[in-house]
There are 2 protein chains.
Amino acid sequence: MKRNTWQREAVREALDDTEGFISAQALHSSLHASGSPIGLATVYRALGDLAATGEADSLQSPEGEALYRACSTTGHHHHLICRNCGLTVEIAADEVEVWAKRVAAEHGFTGAAHVVDVFGLCANCTKLLGAGPSH
Amino acid sequence: MKRNTWQREAVREALDDTEGFISAQALHSSLHASGSPIGLATVYRALGDLAATGEADSLQSPEGEALYRACSTTGHHHHLICRNCGLTVEIAADEVEVWAKRVAAEHGFTGAAHVVDVFGLCANCTKLLGAGPSH
DNA sequence: TTAGGTGCAAAACCTTTGCACACAG
DNA sequence: CTGTGTGCAAAGGTTTTGCACCTAA
(Lines give C-alpha, C1' and ligand atoms only; values in the text may rest on other atoms or scores of the structure.)
Protein backbone atom coordinates (compact mmCIF):
# COMPACT_ATOMS: atom_id res chain seq x y z
CA MET A 1 0.00 0.00 0.00
CA LYS A 2 0.92 3.60 -0.52
CA ARG A 3 1.51 5.59 2.58
CA ASN A 4 0.28 9.07 3.12
CA THR A 5 3.26 11.17 3.99
CA TRP A 6 3.36 14.91 4.26
CA GLN A 7 5.98 14.90 1.50
CA ARG A 8 3.59 13.24 -0.87
CA GLU A 9 0.90 15.73 0.04
CA ALA A 10 3.30 18.60 -0.39
CA VAL A 11 4.17 17.48 -3.89
CA ARG A 12 0.54 16.99 -4.79
CA GLU A 13 -0.39 20.40 -3.47
CA ALA A 14 2.51 22.14 -5.11
CA LEU A 15 1.47 20.54 -8.34
CA ASP A 16 -2.11 21.68 -7.88
CA ASP A 17 -0.95 25.21 -7.19
CA THR A 18 1.01 25.29 -10.39
CA GLU A 19 -0.63 26.75 -13.46
CA GLY A 20 1.01 24.80 -16.23
CA PHE A 21 3.66 22.20 -16.47
CA ILE A 22 6.58 22.26 -14.10
CA SER A 23 9.81 20.33 -13.96
CA ALA A 24 10.74 18.16 -11.03
CA GLN A 25 13.61 20.45 -10.20
CA ALA A 26 11.49 23.58 -10.34
CA LEU A 27 8.89 21.97 -8.14
CA HIS A 28 11.56 20.99 -5.67
CA SER A 29 12.89 24.53 -5.60
CA SER A 30 9.40 25.86 -5.13
CA LEU A 31 8.82 23.55 -2.20
CA HIS A 32 12.11 24.50 -0.62
CA ALA A 33 11.25 28.14 -1.06
CA SER A 34 8.05 27.48 0.84
CA GLY A 35 10.00 25.99 3.69
CA SER A 36 9.59 22.31 2.96
CA PRO A 37 12.83 20.46 3.57
CA ILE A 38 11.77 17.78 1.15
CA GLY A 39 14.49 16.00 -0.76
CA LEU A 40 14.94 16.14 -4.49
CA ALA A 41 14.89 12.39 -4.86
CA THR A 42 11.61 12.25 -2.99
CA VAL A 43 10.10 14.76 -5.37
CA TYR A 44 11.18 12.64 -8.30
CA ARG A 45 9.76 9.53 -6.67
CA ALA A 46 6.50 11.23 -5.76
CA LEU A 47 6.07 12.66 -9.24
CA GLY A 48 6.82 9.30 -10.77
CA ASP A 49 4.16 7.70 -8.62
CA LEU A 50 1.64 10.40 -9.36
CA ALA A 51 2.26 10.01 -13.05
CA ALA A 52 1.96 6.24 -12.77
CA THR A 53 -1.30 6.54 -10.90
CA GLY A 54 -2.69 8.91 -13.45
CA GLU A 55 -2.97 11.75 -10.97
CA ALA A 56 -0.40 13.68 -12.93
CA ASP A 57 0.42 14.13 -16.56
CA SER A 58 3.97 14.04 -17.73
CA LEU A 59 5.67 15.01 -20.93
CA GLN A 60 9.14 15.71 -22.22
CA SER A 61 10.02 19.29 -22.87
CA PRO A 62 12.04 19.99 -26.00
CA GLU A 63 14.94 20.72 -23.66
CA GLY A 64 14.89 17.16 -22.43
CA GLU A 65 13.37 17.71 -19.03
CA ALA A 66 10.38 15.83 -17.79
CA LEU A 67 7.50 18.15 -17.05
CA TYR A 68 4.61 17.30 -14.76
CA ARG A 69 1.19 18.72 -14.24
CA ALA A 70 -1.70 18.07 -11.92
CA CYS A 71 -4.20 16.43 -14.15
CA SER A 72 -7.88 15.76 -14.04
CA THR A 73 -7.97 12.03 -13.57
CA THR A 74 -10.85 12.09 -15.99
CA GLY A 75 -10.12 12.79 -19.60
CA HIS A 76 -7.21 12.27 -21.84
CA HIS A 77 -6.60 15.74 -23.12
CA HIS A 78 -3.68 17.51 -24.63
CA HIS A 79 -1.85 20.74 -24.23
CA LEU A 80 -0.89 23.90 -25.96
CA ILE A 81 2.28 25.14 -24.35
CA CYS A 82 3.95 28.48 -24.84
CA ARG A 83 7.61 27.87 -25.33
CA ASN A 84 8.43 31.29 -24.00
CA CYS A 85 6.35 31.92 -20.89
CA GLY A 86 5.21 28.39 -20.17
CA LEU A 87 1.52 29.19 -20.37
CA THR A 88 -0.43 26.00 -20.81
CA VAL A 89 -3.85 25.63 -22.29
CA GLU A 90 -5.71 22.39 -21.91
CA ILE A 91 -7.36 21.32 -25.09
CA ALA A 92 -10.05 18.79 -25.62
CA ALA A 93 -8.82 16.63 -28.40
CA ASP A 94 -11.68 14.47 -29.43
CA GLU A 95 -10.83 14.67 -33.08
CA VAL A 96 -7.28 13.75 -32.47
CA GLU A 97 -8.26 10.95 -30.16
CA VAL A 98 -10.28 9.46 -32.96
CA TRP A 99 -7.60 10.13 -35.48
CA ALA A 100 -4.84 8.68 -33.34
CA LYS A 101 -6.79 5.53 -32.69
CA ARG A 102 -7.66 5.05 -36.31
CA VAL A 103 -4.14 5.60 -37.56
CA ALA A 104 -2.70 3.39 -34.89
CA ALA A 105 -5.18 0.65 -35.68
CA GLU A 106 -4.51 0.96 -39.39
CA HIS A 107 -0.94 0.06 -38.74
CA GLY A 108 -1.71 -2.63 -36.22
CA PHE A 109 -0.52 -0.58 -33.31
CA THR A 110 -2.05 -0.90 -29.89
CA GLY A 111 -1.76 0.88 -26.60
CA ALA A 112 -1.14 4.11 -28.40
CA ALA A 113 -0.18 6.55 -25.72
CA HIS A 114 -0.52 9.35 -28.15
CA VAL A 115 1.64 12.25 -27.29
CA VAL A 116 -0.12 15.16 -28.83
CA ASP A 117 1.22 18.31 -27.40
CA VAL A 118 1.74 21.50 -29.23
CA PHE A 119 4.56 23.84 -28.40
CA GLY A 120 4.15 27.32 -29.75
CA LEU A 121 4.05 30.95 -28.79
CA CYS A 122 1.04 32.32 -26.99
CA ALA A 123 -0.62 35.54 -28.10
CA ASN A 124 1.21 37.58 -25.54
CA CYS A 125 4.66 36.30 -26.28
CA THR A 126 3.98 36.57 -29.98
CA LYS A 127 3.51 40.28 -29.51
CA LEU A 128 6.55 40.59 -27.32
CA LEU A 129 8.84 38.72 -29.62
CA GLY A 130 7.41 39.51 -33.00
CA ALA A 131 6.40 36.89 -35.53
CA GLY A 132 8.24 33.64 -35.19
CA PRO A 133 11.64 33.98 -36.79
CA SER A 134 12.70 30.49 -35.89
CA HIS A 135 12.08 27.57 -38.15
CA MET B 1 30.37 27.94 -44.76
CA LYS B 2 29.85 24.33 -43.91
CA ARG B 3 32.65 22.00 -44.77
CA ASN B 4 32.19 18.64 -46.31
CA THR B 5 33.92 16.13 -44.12
CA TRP B 6 33.71 12.38 -44.37
CA GLN B 7 32.33 12.35 -40.84
CA ARG B 8 29.43 14.51 -41.84
CA GLU B 9 28.74 12.22 -44.79
CA ALA B 10 29.00 9.16 -42.60
CA VAL B 11 26.39 10.51 -40.24
CA ARG B 12 24.11 11.48 -43.08
CA GLU B 13 24.44 8.06 -44.67
CA ALA B 14 23.97 6.19 -41.44
CA LEU B 15 20.84 8.21 -40.87
CA ASP B 16 19.58 7.39 -44.34
CA ASP B 17 20.24 3.72 -43.79
CA THR B 18 18.20 3.74 -40.63
CA GLU B 19 14.57 2.77 -40.79
CA GLY B 20 13.08 4.79 -38.01
CA PHE B 21 14.33 7.12 -35.40
CA ILE B 22 17.68 6.54 -33.82
CA SER B 23 19.43 8.11 -30.89
CA ALA B 24 22.74 9.87 -31.25
CA GLN B 25 24.39 7.22 -29.13
CA ALA B 26 22.94 4.36 -31.13
CA LEU B 27 24.01 6.00 -34.35
CA HIS B 28 27.48 6.45 -32.99
CA SER B 29 27.63 2.80 -32.00
CA SER B 30 26.36 1.79 -35.39
CA LEU B 31 29.05 3.84 -37.08
CA HIS B 32 31.75 2.41 -34.87
CA ALA B 33 30.50 -1.07 -35.62
CA SER B 34 30.90 -0.27 -39.30
CA GLY B 35 34.48 0.72 -38.73
CA SER B 36 34.15 4.48 -38.61
CA PRO B 37 36.36 5.89 -35.88
CA ILE B 38 34.10 8.91 -35.63
CA GLY B 39 33.80 10.56 -32.26
CA LEU B 40 30.62 10.76 -30.24
CA ALA B 41 30.80 14.52 -29.94
CA THR B 42 31.07 14.80 -33.69
CA VAL B 43 27.96 12.72 -34.12
CA TYR B 44 26.10 15.01 -31.78
CA ARG B 45 27.37 18.05 -33.61
CA ALA B 46 26.55 16.61 -37.01
CA LEU B 47 23.06 15.60 -35.93
CA GLY B 48 22.49 18.99 -34.42
CA ASP B 49 23.47 20.63 -37.68
CA LEU B 50 21.34 18.30 -39.74
CA ALA B 51 18.37 19.00 -37.51
CA ALA B 52 19.01 22.72 -37.72
CA THR B 53 19.23 22.60 -41.50
CA GLY B 54 16.03 20.64 -41.72
CA GLU B 55 17.74 17.62 -43.21
CA ALA B 56 16.84 15.61 -40.16
CA ASP B 57 13.86 15.40 -37.88
CA SER B 58 14.37 15.23 -34.16
CA LEU B 59 12.11 14.41 -31.29
CA GLN B 60 12.37 13.49 -27.64
CA SER B 61 11.71 9.90 -26.73
CA PRO B 62 9.77 9.27 -23.53
CA GLU B 63 13.02 7.98 -22.12
CA GLY B 64 14.56 11.39 -22.44
CA GLU B 65 16.83 10.78 -25.37
CA ALA B 66 16.86 12.87 -28.50
CA LEU B 67 15.96 10.79 -31.52
CA TYR B 68 16.89 11.70 -35.06
CA ARG B 69 15.70 10.58 -38.43
CA ALA B 70 16.62 11.32 -41.99
CA CYS B 71 13.72 13.40 -43.15
CA SER B 72 12.32 14.46 -46.45
CA THR B 73 13.02 18.16 -46.47
CA THR B 74 9.58 18.45 -47.96
CA GLY B 75 6.59 17.65 -45.85
CA HIS B 76 5.79 17.94 -42.24
CA HIS B 77 4.63 14.51 -41.31
CA HIS B 78 4.41 12.60 -38.10
CA HIS B 79 5.29 9.23 -36.74
CA LEU B 80 3.94 6.13 -35.17
CA ILE B 81 6.68 4.64 -33.07
CA CYS B 82 6.73 1.25 -31.39
CA ARG B 83 7.95 1.71 -27.90
CA ASN B 84 9.28 -1.80 -27.81
CA CYS B 85 11.06 -2.50 -31.05
CA GLY B 86 11.45 1.02 -32.36
CA LEU B 87 9.59 0.40 -35.59
CA THR B 88 8.55 3.70 -37.06
CA VAL B 89 5.74 4.34 -39.50
CA GLU B 90 5.50 7.66 -41.24
CA ILE B 91 2.01 9.03 -41.24
CA ALA B 92 0.55 11.77 -43.33
CA ALA B 93 -1.16 14.01 -40.90
CA ASP B 94 -3.19 16.41 -42.93
CA GLU B 95 -6.10 16.31 -40.55
CA VAL B 96 -3.90 16.97 -37.62
CA GLU B 97 -2.11 19.75 -39.40
CA VAL B 98 -5.39 21.46 -39.86
CA TRP B 99 -6.51 20.69 -36.37
CA ALA B 100 -3.30 21.88 -34.78
CA LYS B 101 -3.40 25.14 -36.66
CA ARG B 102 -7.00 25.78 -35.79
CA VAL B 103 -6.62 25.02 -32.13
CA ALA B 104 -3.45 27.04 -31.88
CA ALA B 105 -5.12 29.96 -33.61
CA GLU B 106 -8.17 29.70 -31.39
CA HIS B 107 -5.97 30.31 -28.41
CA GLY B 108 -3.94 33.01 -30.07
CA PHE B 109 -0.87 30.84 -30.40
CA THR B 110 1.53 31.22 -33.26
CA GLY B 111 4.52 29.35 -34.56
CA ALA B 112 3.02 26.11 -33.42
CA ALA B 113 5.70 23.52 -33.86
CA HIS B 114 3.22 20.81 -33.30
CA VAL B 115 4.75 17.70 -31.93
CA VAL B 116 2.42 14.98 -32.99
CA ASP B 117 4.05 11.68 -32.52
CA VAL B 118 2.39 8.57 -31.32
CA PHE B 119 4.19 6.06 -29.20
CA GLY B 120 2.57 2.69 -29.01
CA LEU B 121 3.10 -0.99 -29.55
CA CYS B 122 3.27 -2.31 -33.08
CA ALA B 123 1.30 -5.38 -34.10
CA ASN B 124 4.24 -7.66 -33.61
CA CYS B 125 5.19 -6.47 -30.18
CA THR B 126 1.56 -6.47 -29.14
CA LYS B 127 1.51 -10.18 -29.81
CA LEU B 128 4.78 -10.73 -28.04
CA LEU B 129 3.87 -8.79 -24.96
CA GLY B 130 0.14 -9.27 -24.77
CA ALA B 131 -2.44 -6.49 -24.61
CA GLY B 132 -1.21 -3.25 -23.17
CA PRO B 133 -1.33 -3.47 -19.41
CA SER B 134 0.09 0.01 -18.94
CA HIS B 135 -2.14 3.02 -18.57
C1' DT C 1 6.63 -4.12 14.86
C1' DT C 2 7.47 -3.75 10.02
C1' DA C 3 7.07 -2.78 5.35
C1' DG C 4 7.53 1.15 2.96
C1' DG C 5 9.16 6.07 2.47
C1' DT C 6 12.82 9.40 2.98
C1' DG C 7 17.31 11.76 2.63
C1' DC C 8 21.77 12.14 1.20
C1' DA C 9 25.27 11.44 -1.87
C1' DA C 10 27.10 8.82 -5.46
C1' DA C 11 26.22 6.92 -9.81
C1' DA C 12 24.31 6.60 -14.38
C1' DC C 13 22.80 8.77 -18.15
C1' DC C 14 22.66 11.88 -22.21
C1' DT C 15 24.60 15.95 -24.00
C1' DT C 16 27.68 19.96 -24.35
C1' DT C 17 32.05 22.27 -24.21
C1' DG C 18 37.25 23.53 -23.97
C1' DC C 19 41.24 22.96 -26.15
C1' DA C 20 44.81 21.30 -29.22
C1' DC C 21 45.33 19.39 -33.58
C1' DA C 22 43.92 18.24 -38.42
C1' DC C 23 42.07 19.33 -42.64
C1' DA C 24 38.92 21.46 -46.32
C1' DG C 25 38.70 25.41 -49.04
C1' DC D 1 47.34 29.88 -44.91
C1' DT D 2 42.92 30.19 -42.18
C1' DG D 3 39.11 29.14 -40.18
C1' DT D 4 36.20 25.36 -39.36
C1' DG D 5 35.60 20.55 -37.91
C1' DT D 6 37.25 16.87 -35.09
C1' DG D 7 38.60 14.06 -31.06
C1' DC D 8 39.25 13.42 -26.45
C1' DA D 9 38.08 14.06 -21.96
C1' DA D 10 36.05 16.81 -18.61
C1' DA D 11 32.09 19.26 -17.29
C1' DG D 12 27.14 20.10 -17.25
C1' DG D 13 22.45 18.76 -16.50
C1' DT D 14 18.69 15.63 -15.21
C1' DT D 15 17.21 11.49 -13.18
C1' DT D 16 18.06 7.10 -10.67
C1' DT D 17 19.82 4.23 -7.07
C1' DG D 18 22.15 2.28 -2.67
C1' DC D 19 21.90 2.37 1.92
C1' DA D 20 20.91 3.67 6.57
C1' DC D 21 17.45 5.81 9.09
C1' DC D 22 12.70 7.07 10.04
C1' DT D 23 7.77 6.64 10.23
C1' DA D 24 3.03 5.60 9.08
C1' DA D 25 -0.18 1.85 9.75
# chains A, B, ... in the order shown; residues from 1 in each chain; ligands from 1
>>> interface_residues(of="chain C", to="chain A", cutoff="12 Å", atoms="only C-alpha atoms (C1' of nucleotides)", output="PyMOL selection string")
chain C and resi 3-9+14-15
>>> interface_residues(of="chain D", to="chain A", cutoff="9 Å", atoms="only C-alpha atoms (C1' of nucleotides)", output="list of chain:residue names")
D:DT14, D:DT15, D:DT16, D:DT23, D:DA24, D:DA25
>>> atom_distance(atom1="CA of Ala14 (chain A)", atom2="CA of Ala70 (chain A)")
9.0 Å
>>> atom_distance(atom1="C1' of DT4 (chain D)", atom2="CA of Thr53 (chain B)")
17.3 Å
>>> residues_around(residues="DT17 (chain C)", least_positions_apart="2", cutoff="9 Å", atoms="only C-alpha atoms (C1' of nucleotides)", output="short mmCIF file (atom, residue, chain, number, x, y, z; two decimals) with all heavy atoms, in the first residue's frame")
data_model
loop_
_atom_site.label_atom_id
_atom_site.label_comp_id
_atom_site.auth_asym_id
_atom_site.auth_seq_id
_atom_site.Cartn_x
_atom_site.Cartn_y
_atom_site.Cartn_z
P DA D 10 39.46 13.37 -18.18
OP1 DA D 10 40.72 13.02 -17.51
OP2 DA D 10 38.33 12.42 -18.19
"O5'" DA D 10 38.95 14.76 -17.60
"C5'" DA D 10 39.41 15.98 -18.21
"C4'" DA D 10 38.33 17.04 -18.11
"O4'" DA D 10 37.36 16.86 -19.16
"C3'" DA D 10 37.54 16.99 -16.79
"O3'" DA D 10 37.29 18.30 -16.33
"C2'" DA D 10 36.25 16.29 -17.20
"C1'" DA D 10 36.05 16.81 -18.61
N9 DA D 10 35.22 15.96 -19.47
C8 DA D 10 35.25 14.60 -19.57
N7 DA D 10 34.39 14.12 -20.42
C5 DA D 10 33.74 15.23 -20.93
C6 DA D 10 32.72 15.40 -21.88
N6 DA D 10 32.15 14.37 -22.52
N1 DA D 10 32.31 16.66 -22.15
C2 DA D 10 32.91 17.67 -21.51
N3 DA D 10 33.88 17.65 -20.60
C4 DA D 10 34.26 16.38 -20.35
P DA D 11 36.59 18.56 -14.95
OP1 DA D 11 37.38 19.58 -14.25
OP2 DA D 11 36.27 17.26 -14.31
"O5'" DA D 11 35.22 19.24 -15.39
"C5'" DA D 11 35.27 20.33 -16.29
"C4'" DA D 11 33.87 20.64 -16.78
"O4'" DA D 11 33.41 19.58 -17.63
"C3'" DA D 11 32.84 20.79 -15.66
"O3'" DA D 11 32.11 21.98 -15.87
"C2'" DA D 11 31.96 19.55 -15.81
"C1'" DA D 11 32.09 19.26 -17.29
N9 DA D 11 31.85 17.86 -17.66
C8 DA D 11 32.44 16.75 -17.13
N7 DA D 11 32.05 15.62 -17.68
C5 DA D 11 31.13 16.03 -18.63
C6 DA D 11 30.35 15.31 -19.55
N6 DA D 11 30.37 13.99 -19.67
N1 DA D 11 29.53 16.02 -20.36
C2 DA D 11 29.51 17.35 -20.25
N3 DA D 11 30.20 18.14 -19.43
C4 DA D 11 31.00 17.41 -18.64
P DG D 12 31.15 22.51 -14.74
OP1 DG D 12 31.37 23.96 -14.70
OP2 DG D 12 31.27 21.67 -13.53
"O5'" DG D 12 29.71 22.25 -15.36
"C5'" DG D 12 29.36 22.83 -16.61
"C4'" DG D 12 28.04 22.23 -17.06
"O4'" DG D 12 28.27 20.89 -17.52
"C3'" DG D 12 27.03 22.11 -15.92
"O3'" DG D 12 26.06 23.15 -16.06
"C2'" DG D 12 26.35 20.76 -16.15
"C1'" DG D 12 27.14 20.10 -17.25
N9 DG D 12 27.63 18.77 -16.92
C8 DG D 12 28.60 18.44 -16.01
N7 DG D 12 28.84 17.17 -15.94
C5 DG D 12 27.97 16.61 -16.87
C6 DG D 12 27.77 15.26 -17.25
O6 DG D 12 28.34 14.26 -16.83
N1 DG D 12 26.79 15.14 -18.23
C2 DG D 12 26.08 16.19 -18.77
N2 DG D 12 25.17 15.88 -19.70
N3 DG D 12 26.28 17.46 -18.43
C4 DG D 12 27.23 17.59 -17.48
#
>>> atom_distance(atom1="C1' of DA12 (chain C)", atom2="C1' of DT17 (chain D)")
8.9 Å
